[in-house]
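Okay, my_file_14.pdb is below, PDB, C-alpha atoms, pLDDT in the B column:
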ATOM      1  CA  MET F   1      60.027 -32.794 -81.150  1.00 44.00           C
ATOM      2  CA  THR F   2      57.991 -35.859 -82.079  1.00 48.00           C
ATOM      3  CA  ARG F   3      56.724 -37.116 -78.741  1.00 54.00           C
ATOM      4  CA  GLU F   4      53.558 -39.152 -79.236  1.00 62.00           C
ATOM      5  CA  LEU F   5      50.324 -37.951 -77.742  1.00 64.00           C
ATOM      6  CA  THR F   6      48.757 -40.038 -75.023  1.00 70.00           C
ATOM      7  CA  GLY F   7      44.986 -40.248 -74.776  1.00 78.00           C
ATOM      8  CA  THR F   8      44.939 -37.802 -71.868  1.00 80.00           C
ATOM      9  CA  SER F   9      47.248 -35.335 -73.599  1.00 85.00           C
ATOM     10  CA  ARG F  10      45.246 -35.515 -76.799  1.00 87.00           C
ATOM     11  CA  ARG F  11      41.971 -34.844 -75.015  1.00 91.00           C
ATOM     12  CA  ALA F  12      43.513 -31.966 -73.054  1.00 94.00           C
ATOM     13  CA  LEU F  13      44.895 -30.370 -76.221  1.00 94.00           C
ATOM     14  CA  LEU F  14      41.587 -30.773 -78.025  1.00 95.00           C
ATOM     15  CA  ALA F  15      39.829 -29.107 -75.107  1.00 96.00           C
ATOM     16  CA  CYS F  16      42.348 -26.271 -75.278  1.00 96.00           C
ATOM     17  CA  ALA F  17      41.716 -25.877 -79.006  1.00 96.00           C
ATOM     18  CA  TRP F  18      37.940 -25.728 -78.522  1.00 97.00           C
ATOM     19  CA  CYS F  19      38.497 -22.914 -76.011  1.00 97.00           C
ATOM     20  CA  GLY F  20      39.189 -20.653 -79.006  1.00 97.00           C
ATOM     21  CA  PRO F  21      35.610 -20.470 -80.303  1.00 97.00           C
ATOM     22  CA  LEU F  22      34.281 -20.983 -76.766  1.00 98.00           C
ATOM     23  CA  THR F  23      36.018 -17.769 -75.675  1.00 98.00           C
ATOM     24  CA  VAL F  24      34.092 -15.869 -78.334  1.00 98.00           C
ATOM     25  CA  VAL F  25      30.752 -17.400 -77.373  1.00 98.00           C
ATOM     26  CA  VAL F  26      31.086 -16.900 -73.604  1.00 98.00           C
ATOM     27  CA  ALA F  27      32.638 -13.419 -73.760  1.00 97.00           C
ATOM     28  CA  PHE F  28      30.095 -12.130 -76.282  1.00 98.00           C
ATOM     29  CA  THR F  29      27.247 -13.589 -74.213  1.00 98.00           C
ATOM     30  CA  GLY F  30      28.535 -11.814 -71.110  1.00 97.00           C
ATOM     31  CA  TRP F  31      28.886  -8.511 -72.929  1.00 97.00           C
ATOM     32  CA  LEU F  32      25.367  -8.814 -74.331  1.00 97.00           C
ATOM     33  CA  ILE F  33      23.973  -9.499 -70.854  1.00 97.00           C
ATOM     34  CA  ALA F  34      25.859  -6.531 -69.415  1.00 96.00           C
ATOM     35  CA  GLY F  35      24.824  -4.222 -72.250  1.00 95.00           C
ATOM     36  CA  VAL F  36      28.393  -3.631 -73.438  1.00 95.00           C
ATOM     37  CA  LEU F  37      27.181  -4.949 -76.787  1.00 94.00           C
ATOM     38  CA  PRO F  38      25.710  -4.155 -79.233  1.00 94.00           C
ATOM     39  CA  VAL F  39      26.284  -0.448 -78.461  1.00 93.00           C
ATOM     40  CA  PRO F  40      29.199   0.123 -76.047  1.00 94.00           C
ATOM     41  CA  LEU F  41      29.724   3.241 -73.994  1.00 94.00           C
ATOM     42  CA  GLY F  42      31.707   5.712 -76.067  1.00 94.00           C
ATOM     43  CA  ALA F  43      34.564   8.050 -75.365  1.00 94.00           C
ATOM     44  CA  SER F  44      32.045  10.859 -75.892  1.00 94.00           C
ATOM     45  CA  SER F  45      29.468   9.464 -73.434  1.00 95.00           C
ATOM     46  CA  THR F  46      28.403  11.984 -70.823  1.00 95.00           C
ATOM     47  CA  THR F  47      28.878  11.519 -67.100  1.00 95.00           C
ATOM     48  CA  GLY F  48      25.150  10.873 -66.771  1.00 95.00           C
ATOM     49  CA  GLU F  49      25.192   8.186 -69.469  1.00 95.00           C
ATOM     50  CA  VAL F  50      28.122   6.401 -67.838  1.00 96.00           C
ATOM     51  CA  VAL F  51      26.537   6.483 -64.377  1.00 95.00           C
ATOM     52  CA  ASP F  52      23.162   5.358 -65.750  1.00 95.00           C
ATOM     53  CA  PHE F  53      24.797   2.388 -67.474  1.00 95.00           C
ATOM     54  CA  TYR F  54      26.562   1.107 -64.360  1.00 95.00           C
ATOM     55  CA  SER F  55      23.585   1.760 -62.081  1.00 94.00           C
ATOM     56  CA  SER F  56      21.044   0.054 -64.361  1.00 93.00           C
ATOM     57  CA  GLY F  57      21.170  -3.237 -62.447  1.00 91.00           C
ATOM     58  CA  THR F  58      23.228  -6.200 -61.292  1.00 92.00           C
ATOM     59  CA  HIS F  59      23.161  -7.579 -64.827  1.00 94.00           C
ATOM     60  CA  VAL F  60      26.038  -5.227 -65.635  1.00 94.00           C
ATOM     61  CA  PRO F  61      28.673  -6.599 -63.220  1.00 94.00           C
ATOM     62  CA  MET F  62      27.367 -10.162 -63.599  1.00 95.00           C
ATOM     63  CA  GLY F  63      27.505 -10.003 -67.391  1.00 96.00           C
ATOM     64  CA  ILE F  64      31.012  -8.558 -67.280  1.00 96.00           C
ATOM     65  CA  ALA F  65      32.016 -11.283 -64.805  1.00 95.00           C
ATOM     66  CA  LEU F  66      30.783 -13.884 -67.306  1.00 97.00           C
ATOM     67  CA  ALA F  67      32.770 -12.163 -70.043  1.00 97.00           C
ATOM     68  CA  SER F  68      35.880 -12.343 -67.856  1.00 97.00           C
ATOM     69  CA  ILE F  69      35.391 -16.101 -67.550  1.00 97.00           C
ATOM     70  CA  GLY F  70      35.221 -16.306 -71.326  1.00 97.00           C
ATOM     71  CA  ILE F  71      38.377 -14.243 -71.693  1.00 97.00           C
ATOM     72  CA  SER F  72      40.148 -16.556 -69.244  1.00 97.00           C
ATOM     73  CA  LEU F  73      39.662 -19.366 -71.758  1.00 97.00           C
ATOM     74  CA  VAL F  74      42.328 -17.684 -73.885  1.00 97.00           C
ATOM     75  CA  ILE F  75      44.887 -19.230 -71.504  1.00 97.00           C
ATOM     76  CA  PRO F  76      44.319 -22.833 -72.714  1.00 97.00           C
ATOM     77  CA  VAL F  77      44.383 -21.592 -76.318  1.00 97.00           C
ATOM     78  CA  ILE F  78      47.823 -20.073 -75.753  1.00 97.00           C
ATOM     79  CA  ALA F  79      49.020 -23.349 -74.223  1.00 96.00           C
ATOM     80  CA  ALA F  80      47.843 -25.280 -77.288  1.00 96.00           C
ATOM     81  CA  ILE F  81      49.419 -22.765 -79.677  1.00 97.00           C
ATOM     82  CA  THR F  82      52.678 -23.081 -77.758  1.00 96.00           C
ATOM     83  CA  TYR F  83      52.645 -26.862 -78.067  1.00 93.00           C
ATOM     84  CA  VAL F  84      51.957 -26.863 -81.807  1.00 94.00           C
ATOM     85  CA  MET F  85      54.494 -24.113 -82.530  1.00 93.00           C
ATOM     86  CA  ARG F  86      57.153 -26.089 -80.658  1.00 91.00           C
ATOM     87  CA  LEU F  87      56.509 -29.077 -82.887  1.00 88.00           C
ATOM     88  CA  GLY F  88      57.762 -27.191 -85.928  1.00 84.00           C
ATOM     89  CA  GLU F  89      60.448 -24.914 -84.485  1.00 84.00           C
ATOM     90  CA  PRO F  90      63.918 -26.470 -84.701  1.00 83.00           C
ATOM     91  CA  GLY F  91      66.623 -25.555 -82.229  1.00 83.00           C
ATOM     92  CA  ALA F  92      65.957 -23.062 -79.478  1.00 87.00           C
ATOM     93  CA  PRO F  93      62.204 -22.335 -79.331  1.00 92.00           C
ATOM     94  CA  VAL F  94      62.616 -18.549 -79.329  1.00 95.00           C
ATOM     95  CA  LEU F  95      59.482 -17.708 -81.331  1.00 95.00           C
ATOM     96  CA  THR F  96      57.446 -20.222 -79.339  1.00 95.00           C
ATOM     97  CA  SER F  97      58.609 -18.608 -76.095  1.00 96.00           C
ATOM     98  CA  ILE F  98      57.842 -15.106 -77.370  1.00 97.00           C
ATOM     99  CA  GLN F  99      54.351 -16.219 -78.325  1.00 97.00           C
ATOM    100  CA  ALA F 100      53.755 -17.852 -74.932  1.00 97.00           C
ATOM    101  CA  VAL F 101      54.925 -14.842 -72.925  1.00 97.00           C
ATOM    102  CA  SER F 102      53.200 -12.206 -75.038  1.00 97.00           C
ATOM    103  CA  GLY F 103      50.021 -14.288 -75.178  1.00 96.00           C
ATOM    104  CA  THR F 104      49.984 -14.517 -71.386  1.00 96.00           C
ATOM    105  CA  VAL F 105      50.361 -10.749 -71.134  1.00 97.00           C
ATOM    106  CA  THR F 106      47.451 -10.214 -73.543  1.00 97.00           C
ATOM    107  CA  THR F 107      45.224 -12.288 -71.286  1.00 96.00           C
ATOM    108  CA  VAL F 108      46.026 -10.046 -68.329  1.00 96.00           C
ATOM    109  CA  LEU F 109      45.415  -6.938 -70.435  1.00 96.00           C
ATOM    110  CA  LEU F 110      41.984  -8.277 -71.380  1.00 96.00           C
ATOM    111  CA  LEU F 111      41.020  -9.391 -67.872  1.00 96.00           C
ATOM    112  CA  VAL F 112      41.965  -6.305 -65.856  1.00 97.00           C
ATOM    113  CA  PRO F 113      39.579  -3.971 -67.750  1.00 97.00           C
ATOM    114  CA  MET F 114      36.728  -6.412 -67.086  1.00 96.00           C
ATOM    115  CA  LEU F 115      37.489  -6.284 -63.361  1.00 95.00           C
ATOM    116  CA  LEU F 116      37.475  -2.484 -63.460  1.00 96.00           C
ATOM    117  CA  MET F 117      34.125  -2.412 -65.272  1.00 95.00           C
ATOM    118  CA  ALA F 118      32.629  -4.895 -62.795  1.00 94.00           C
ATOM    119  CA  SER F 119      33.956  -2.752 -59.930  1.00 93.00           C
ATOM    120  CA  ALA F 120      32.315   0.330 -61.422  1.00 93.00           C
ATOM    121  CA  GLY F 121      28.978  -1.488 -61.424  1.00 91.00           C
ATOM    122  CA  PHE F 122      29.439  -2.959 -57.937  1.00 91.00           C
ATOM    123  CA  ARG F 123      28.932   0.344 -56.117  1.00 89.00           C
ATOM    124  CA  PRO F 124      27.142   2.702 -58.537  1.00 83.00           C
ATOM    125  CA  GLU F 125      26.231   5.175 -55.771  1.00 87.00           C
ATOM    126  CA  ARG F 126      29.857   6.348 -55.508  1.00 90.00           C
ATOM    127  CA  PRO F 127      30.703   9.861 -56.803  1.00 94.00           C
ATOM    128  CA  ALA F 128      30.023  10.093 -60.516  1.00 94.00           C
ATOM    129  CA  GLU F 129      33.564  11.271 -61.258  1.00 94.00           C
ATOM    130  CA  LEU F 130      34.997   8.031 -59.860  1.00 95.00           C
ATOM    131  CA  THR F 131      32.649   5.920 -61.963  1.00 95.00           C
ATOM    132  CA  VAL F 132      33.696   7.835 -65.076  1.00 96.00           C
ATOM    133  CA  LEU F 133      37.368   7.404 -64.125  1.00 96.00           C
ATOM    134  CA  LEU F 134      36.940   3.647 -63.712  1.00 96.00           C
ATOM    135  CA  ASN F 135      35.087   3.443 -67.021  1.00 96.00           C
ATOM    136  CA  ASP F 136      37.654   5.496 -68.947  1.00 97.00           C
ATOM    137  CA  THR F 137      40.548   3.534 -67.443  1.00 97.00           C
ATOM    138  CA  ALA F 138      38.878   0.219 -68.219  1.00 97.00           C
ATOM    139  CA  TRP F 139      38.147   1.064 -71.840  1.00 97.00           C
ATOM    140  CA  LEU F 140      41.509   2.637 -72.606  1.00 96.00           C
ATOM    141  CA  LEU F 141      43.305  -0.304 -70.977  1.00 96.00           C
ATOM    142  CA  PHE F 142      41.100  -2.709 -72.917  1.00 96.00           C
ATOM    143  CA  ILE F 143      41.721  -1.045 -76.279  1.00 96.00           C
ATOM    144  CA  THR F 144      45.112   0.646 -76.461  1.00 95.00           C
ATOM    145  CA  PRO F 145      47.928  -1.652 -75.135  1.00 96.00           C
ATOM    146  CA  VAL F 146      48.284  -3.476 -78.457  1.00 96.00           C
ATOM    147  CA  GLY F 147      52.028  -4.155 -78.315  1.00 96.00           C
ATOM    148  CA  PRO F 148      51.840  -7.662 -76.788  1.00 97.00           C
ATOM    149  CA  PHE F 149      49.040  -8.636 -79.188  1.00 97.00           C
ATOM    150  CA  VAL F 150      51.065  -7.561 -82.225  1.00 97.00           C
ATOM    151  CA  ILE F 151      54.201  -9.280 -80.918  1.00 98.00           C
ATOM    152  CA  GLN F 152      52.245 -12.515 -80.455  1.00 98.00           C
ATOM    153  CA  ASN F 153      50.821 -12.339 -83.985  1.00 98.00           C
ATOM    154  CA  VAL F 154      54.208 -11.574 -85.537  1.00 98.00           C
ATOM    155  CA  ALA F 155      55.869 -14.427 -83.629  1.00 97.00           C
ATOM    156  CA  ILE F 156      53.261 -16.911 -84.862  1.00 97.00           C
ATOM    157  CA  ALA F 157      53.418 -15.599 -88.419  1.00 97.00           C
ATOM    158  CA  THR F 158      57.217 -15.721 -88.492  1.00 96.00           C
ATOM    159  CA  ALA F 159      57.281 -19.268 -87.146  1.00 95.00           C
ATOM    160  CA  ILE F 160      54.835 -20.398 -89.827  1.00 95.00           C
ATOM    161  CA  LEU F 161      56.153 -18.506 -92.841  1.00 94.00           C
ATOM    162  CA  SER F 162      59.868 -19.063 -92.185  1.00 92.00           C
ATOM    163  CA  ASN F 163      59.741 -22.765 -91.394  1.00 87.00           C
ATOM    164  CA  SER F 164      58.685 -25.464 -93.842  1.00 82.00           C
ATOM    165  CA  THR F 165      58.376 -28.095 -91.092  1.00 84.00           C
ATOM    166  CA  THR F 166      55.649 -26.371 -89.128  1.00 89.00           C
ATOM    167  CA  PRO F 167      52.371 -28.285 -88.913  1.00 91.00           C
ATOM    168  CA  LEU F 168      50.461 -25.009 -89.272  1.00 93.00           C
ATOM    169  CA  PRO F 169      49.289 -23.875 -92.758  1.00 94.00           C
ATOM    170  CA  ARG F 170      50.759 -20.801 -94.424  1.00 95.00           C
ATOM    171  CA  TRP F 171      47.411 -19.034 -94.653  1.00 96.00           C
ATOM    172  CA  LEU F 172      47.379 -18.938 -90.857  1.00 97.00           C
ATOM    173  CA  GLY F 173      50.647 -17.032 -90.912  1.00 96.00           C
ATOM    174  CA  PHE F 174      49.184 -14.408 -93.223  1.00 97.00           C
ATOM    175  CA  LEU F 175      46.051 -14.243 -91.074  1.00 98.00           C
ATOM    176  CA  ASN F 176      48.201 -13.469 -88.031  1.00 98.00           C
ATOM    177  CA  LEU F 177      49.933 -10.663 -89.922  1.00 98.00           C
ATOM    178  CA  TRP F 178      46.560  -9.218 -90.898  1.00 98.00           C
ATOM    179  CA  VAL F 179      45.197  -9.459 -87.345  1.00 97.00           C
ATOM    180  CA  GLY F 180      48.322  -7.805 -85.940  1.00 97.00           C
ATOM    181  CA  PHE F 181      47.946  -4.997 -88.480  1.00 97.00           C
ATOM    182  CA  THR F 182      44.328  -4.350 -87.494  1.00 96.00           C
ATOM    183  CA  PHE F 183      45.438  -3.820 -83.881  1.00 96.00           C
ATOM    184  CA  THR F 184      47.919  -1.066 -84.754  1.00 94.00           C
ATOM    185  CA  PHE F 185      45.170   1.552 -85.138  1.00 93.00           C
ATOM    186  CA  ASP F 186      44.125   1.217 -81.509  1.00 95.00           C
ATOM    187  CA  VAL F 187      46.874   3.337 -79.966  1.00 94.00           C
ATOM    188  CA  ILE F 188      45.401   6.501 -81.481  1.00 95.00           C
ATOM    189  CA  ALA F 189      42.182   6.087 -79.484  1.00 95.00           C
ATOM    190  CA  TYR F 190      43.716   8.461 -76.909  1.00 94.00           C
ATOM    191  CA  ALA F 191      43.399  11.316 -79.387  1.00 95.00           C
ATOM    192  CA  PHE F 192      39.720  10.964 -80.324  1.00 95.00           C
ATOM    193  CA  HIS F 193      36.433  11.157 -78.447  1.00 94.00           C
ATOM    194  CA  ASP F 194      34.167  10.448 -81.408  1.00 94.00           C
ATOM    195  CA  GLY F 195      34.276   9.015 -84.916  1.00 94.00           C
ATOM    196  CA  PRO F 196      35.919   5.852 -86.307  1.00 95.00           C
ATOM    197  CA  PHE F 197      39.137   6.361 -84.290  1.00 95.00           C
ATOM    198  CA  ALA F 198      37.484   6.738 -80.873  1.00 95.00           C
ATOM    199  CA  TRP F 199      37.654   3.721 -78.586  1.00 94.00           C
ATOM    200  CA  HIS F 200      34.120   2.700 -79.597  1.00 95.00           C
ATOM    201  CA  GLY F 201      34.662   3.507 -83.271  1.00 95.00           C
ATOM    202  CA  LEU F 202      34.603   1.315 -86.353  1.00 94.00           C
ATOM    203  CA  LEU F 203      38.375   1.234 -86.904  1.00 94.00           C
ATOM    204  CA  ILE F 204      39.238   0.769 -83.230  1.00 95.00           C
ATOM    205  CA  PHE F 205      36.747  -1.308 -81.256  1.00 96.00           C
ATOM    206  CA  TRP F 206      34.821  -3.066 -83.997  1.00 96.00           C
ATOM    207  CA  LEU F 207      37.761  -3.894 -86.261  1.00 96.00           C
ATOM    208  CA  ALA F 208      39.867  -5.225 -83.391  1.00 96.00           C
ATOM    209  CA  LEU F 209      36.953  -7.154 -81.872  1.00 96.00           C
ATOM    210  CA  THR F 210      36.101  -8.788 -85.204  1.00 97.00           C
ATOM    211  CA  SER F 211      39.674  -9.684 -86.121  1.00 97.00           C
ATOM    212  CA  TYR F 212      40.439 -11.075 -82.643  1.00 97.00           C
ATOM    213  CA  ALA F 213      37.284 -13.211 -82.725  1.00 98.00           C
ATOM    214  CA  ILE F 214      38.266 -14.542 -86.162  1.00 98.00           C
ATOM    215  CA  TRP F 215      41.773 -15.226 -84.844  1.00 98.00           C
ATOM    216  CA  LEU F 216      40.504 -17.201 -81.846  1.00 98.00           C
ATOM    217  CA  VAL F 217      38.252 -19.383 -83.986  1.00 98.00           C
ATOM    218  CA  ALA F 218      40.868 -19.899 -86.711  1.00 97.00           C
ATOM    219  CA  MET F 219      43.666 -20.761 -84.275  1.00 97.00           C
ATOM    220  CA  GLY F 220      41.469 -23.077 -82.243  1.00 97.00           C
ATOM    221  CA  MET F 221      40.091 -24.997 -85.196  1.00 96.00           C
ATOM    222  CA  THR F 222      43.470 -25.274 -86.942  1.00 96.00           C
ATOM    223  CA  ILE F 223      45.126 -26.573 -83.786  1.00 95.00           C
ATOM    224  CA  ARG F 224      42.295 -29.080 -83.416  1.00 95.00           C
ATOM    225  CA  HIS F 225      43.028 -30.294 -86.959  1.00 93.00           C
ATOM    226  CA  VAL F 226      46.731 -30.672 -86.146  1.00 92.00           C
ATOM    227  CA  ILE F 227      46.051 -32.641 -82.955  1.00 92.00           C
ATOM    228  CA  VAL F 228      43.535 -34.954 -84.622  1.00 90.00           C
ATOM    229  CA  ALA F 229      45.917 -35.573 -87.515  1.00 87.00           C
ATOM    230  CA  ARG F 230      48.856 -36.357 -85.226  1.00 81.00           C
ATOM    231  CA  ALA F 231      46.749 -38.694 -83.124  1.00 76.00           C
ATOM    232  CA  ALA F 232      45.791 -40.538 -86.311  1.00 75.00           C
ATOM    233  CA  GLY F 233      49.443 -40.836 -87.307  1.00 69.00           C
ATOM    234  CA  ARG F 234      49.296 -38.632 -90.401  1.00 65.00           C
ATOM    235  CA  ASP F 235      50.817 -35.300 -91.378  1.00 60.00           C
ATOM    236  CA  PRO F 236      48.390 -32.490 -90.541  1.00 60.00           C
ATOM    237  CA  ILE F 237      49.548 -30.471 -93.542  1.00 55.00           C
ATOM    238  CA  PRO F 238      50.166 -32.314 -96.836  1.00 45.00           C
ATOM    239  CA  GLY F 239      53.821 -32.347 -97.787  1.00 40.00           C
ATOM    240  CA  VAL F 240      55.118 -31.731 -94.273  1.00 41.00           C
ATOM    241  CA  ALA F 241      57.525 -34.393 -93.112  1.00 34.00           C
TER     242      ALA F 241
END

Whole structure given in structure tokens:
Amino acid sequence: MTRELTGTSRRALLACAWCGPLTVVVAFTGWLIAGVLPVPLGASSTTGEVVDFYSSGTHVPMGIALASIGISLVIPVIAAITYVMRLGEPGAPVLTSIQAVSGTVTTVLLLVPMLLMASAGFRPERPAELTVLLNDTAWLLFITPVGPFVIQNVAIATAILSNSTTPLPRWLGFLNLWVGFTFTFDVIAYAFHDGPFAWHGLLIFWLALTSYAIWLVAMGMTIRHVIVARAAGRDPIPGVA
């Protein structure tokens, strides 16, 4: 697959690549405005603490809405990853397709919890039990469904490490394996209300958040390098034909 990039296609792909770090900036800004960061509600938070958080002002739903816009920028990143993976996958693009489908699912899994959190803050005068239910559902849905994320990482890593013609560097394959591994802890958040394995804990929320942010920046910037190199008519990775 060696189709040349037109000016419009090149600019569109570069914009998609920049959406990687832009997702991090916009989403983190929204969470800071809402108060989700730097100290998120925990699995051990009391009913009063949860209700107080969502009734503290309109900055909560508005900040979460901004974060949802940031998360939506993952969609262009997935499109750019799909394009670059297809460049180096001979024959049927099975791994590319797996990455595209699983990546799309991850976007939905990240967006729906934001909508639930924003809904909890939209009408804070509702019965406290309903607010807690919305909050618990949002956080557990945000943290625990790691299967599609891991599948996406493994598909990317396999495509890179098993194919010498890929324009993506080998270190990116190993990074994807590491990121996928960091997500595997998250499923045990159902069993803990406090400590490092609770949904707000070091090995669940903070490890996954950090690794996913690194992944978005690394994928976006590497794809940008590939697109710029192809537009200039040179191999993006030395030694790749």

Exercise: region 149-157 of chain F partners within 8 Å, all atoms listed in the file, chain neighbours under 3 positions left out, as a list in words: Met85, Leu95, Thr96, Ile98, Gln99, Ala100, Ser102, Gly103, Thr106, Val146, Ile160, Leu161, Leu172, Gly173, Phe174, Leu175, Asn176, Leu177, Val179, Gly180, Phe181, Phe183 and Thr184 of chain F

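Take the PyMOL selection byres ((chain F and resi 133) around 12) and apply it to this file: it picks Ala43, Thr47, Val50, Val51, Leu116, Met117, Ser119, Ala120, Arg126, Pro127, Ala128, Glu129, Leu130, Thr131, Val132, Leu134, Asn135, Asp136, Thr137, Ala138, Trp139, Leu140 and Leu141 of chain F.
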
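Shell of Ala15 (chain F) at 9 Å, with only C-alpha atoms counted and residues fewer than 5 places along the chain excluded, is F:Arg10, F:Pro76, F:Val77, F:Arg224.
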
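Across F:Ala213, F:Leu203, F:Val187, F:Ile78, the tightest approach to Thr23 (chain F) is made by F:Ala213 when counting all atoms listed in the file.
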
Hits of the PyMOL selection byres ((chain F and resi 204-209) around 12) in this structure, as a PyMOL selection string: chain F and resi 24+27-28+36-43+110+139-140+142-144+146+149-150+178-203+210-216

A straight line from CA of Ala34 (chain F) to CA of Thr46 (chain F) spans 18.7 Å

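With all atoms listed in the file as the basis for measurement, F:Ala231 is the residue among F:Val74, F:Pro113, F:Ala231, F:Ser97 that approaches Thr8 (chain F) most closely.
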
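Distance-wise, CA of Gly35 (chain F) and CA of Gly20 (chain F) end up 22.8 Å apart.
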
Can you tell me, as a ChimeraX atom specification, what residues are no more than 9 Å from Leu22 (chain F) when counting all atoms listed in the file, ignoring any on the same chain fewer than 6 positions away? /F:70,73,216-217

What box, with edges along x, y and z, holds each listed atom of region 163-175 of chain F when 4 Å is added on every side, and can you state its centre and edge lengths in Å to one decimal, as lines of an AutoDock Vina configuration file?
center_x = 52.9
center_y = -21.3
center_z = -91.8
size_x = 21.7
size_y = 22.0
size_z = 13.7

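With distances restricted to only C-alpha atoms, F:Met114 is the closest residue to Leu66 (chain F) from F:Val94, F:Cys19, F:Met114, F:Val101.
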
Using all atoms listed in the file, determine which residues lie at most 8 Å from Val226 (chain F), disregarding the query and same-chain residues fewer than 2 positions distant; provide the list as a list in words. Val84, Pro167, Leu168, Thr222, Ile223, Arg224, Val228, Ala229, Arg230, Pro236 and Ile237 of chain F

Kindly reconstruct region 145-156 of chain F with N, CA, C and O atoms and present the result as an mmCIF file, keeping the file's coordinate frame.
data_model
loop_
_atom_site.group_PDB
_atom_site.id
_atom_site.type_symbol
_atom_site.label_atom_id
_atom_site.label_comp_id
_atom_site.auth_asym_id
_atom_site.auth_seq_id
_atom_site.Cartn_x
_atom_site.Cartn_y
_atom_site.Cartn_z
ATOM 1 N N PRO F 145 46.613 -0.997 -75.291
ATOM 2 C CA PRO F 145 47.928 -1.652 -75.135
ATOM 3 C C PRO F 145 48.104 -2.808 -76.135
ATOM 4 O O PRO F 145 48.065 -3.981 -75.766
ATOM 5 N N VAL F 146 48.308 -2.460 -77.392
ATOM 6 C CA VAL F 146 48.284 -3.476 -78.457
ATOM 7 C C VAL F 146 49.632 -4.134 -78.685
ATOM 8 O O VAL F 146 49.718 -5.127 -79.414
ATOM 9 N N GLY F 147 50.697 -3.618 -78.069
ATOM 10 C CA GLY F 147 52.028 -4.155 -78.315
ATOM 11 C C GLY F 147 52.142 -5.664 -78.131
ATOM 12 O O GLY F 147 52.603 -6.378 -79.037
ATOM 13 N N PRO F 148 51.730 -6.207 -76.980
ATOM 14 C CA PRO F 148 51.840 -7.662 -76.788
ATOM 15 C C PRO F 148 51.010 -8.468 -77.793
ATOM 16 O O PRO F 148 51.429 -9.558 -78.206
ATOM 17 N N PHE F 149 49.859 -7.944 -78.194
ATOM 18 C CA PHE F 149 49.040 -8.636 -79.188
ATOM 19 C C PHE F 149 49.780 -8.719 -80.522
ATOM 20 O O PHE F 149 49.829 -9.782 -81.160
ATOM 21 N N VAL F 150 50.353 -7.591 -80.952
ATOM 22 C CA VAL F 150 51.065 -7.561 -82.225
ATOM 23 C C VAL F 150 52.293 -8.461 -82.170
ATOM 24 O O VAL F 150 52.591 -9.196 -83.124
ATOM 25 N N ILE F 151 53.021 -8.418 -81.061
ATOM 26 C CA ILE F 151 54.201 -9.280 -80.918
ATOM 27 C C ILE F 151 53.808 -10.746 -81.016
ATOM 28 O O ILE F 151 54.489 -11.555 -81.679
ATOM 29 N N GLN F 152 52.718 -11.132 -80.372
ATOM 30 C CA GLN F 152 52.245 -12.515 -80.455
ATOM 31 C C GLN F 152 51.917 -12.899 -81.888
ATOM 32 O O GLN F 152 52.329 -13.965 -82.367
ATOM 33 N N ASN F 153 51.189 -12.043 -82.595
ATOM 34 C CA ASN F 153 50.821 -12.339 -83.985
ATOM 35 C C ASN F 153 52.050 -12.455 -84.875
ATOM 36 O O ASN F 153 52.132 -13.362 -85.721
ATOM 37 N N VAL F 154 53.003 -11.547 -84.706
ATOM 38 C CA VAL F 154 54.208 -11.574 -85.537
ATOM 39 C C VAL F 154 55.038 -12.821 -85.237
ATOM 40 O O VAL F 154 55.596 -13.436 -86.156
ATOM 41 N N ALA F 155 55.120 -13.213 -83.985
ATOM 42 C CA ALA F 155 55.869 -14.427 -83.629
ATOM 43 C C ALA F 155 55.257 -15.660 -84.284
ATOM 44 O O ALA F 155 55.969 -16.513 -84.837
ATOM 45 N N ILE F 156 53.935 -15.770 -84.233
ATOM 46 C CA ILE F 156 53.261 -16.911 -84.862
ATOM 47 C C ILE F 156 53.460 -16.886 -86.364
ATOM 48 O O ILE F 156 53.785 -17.916 -86.984
#
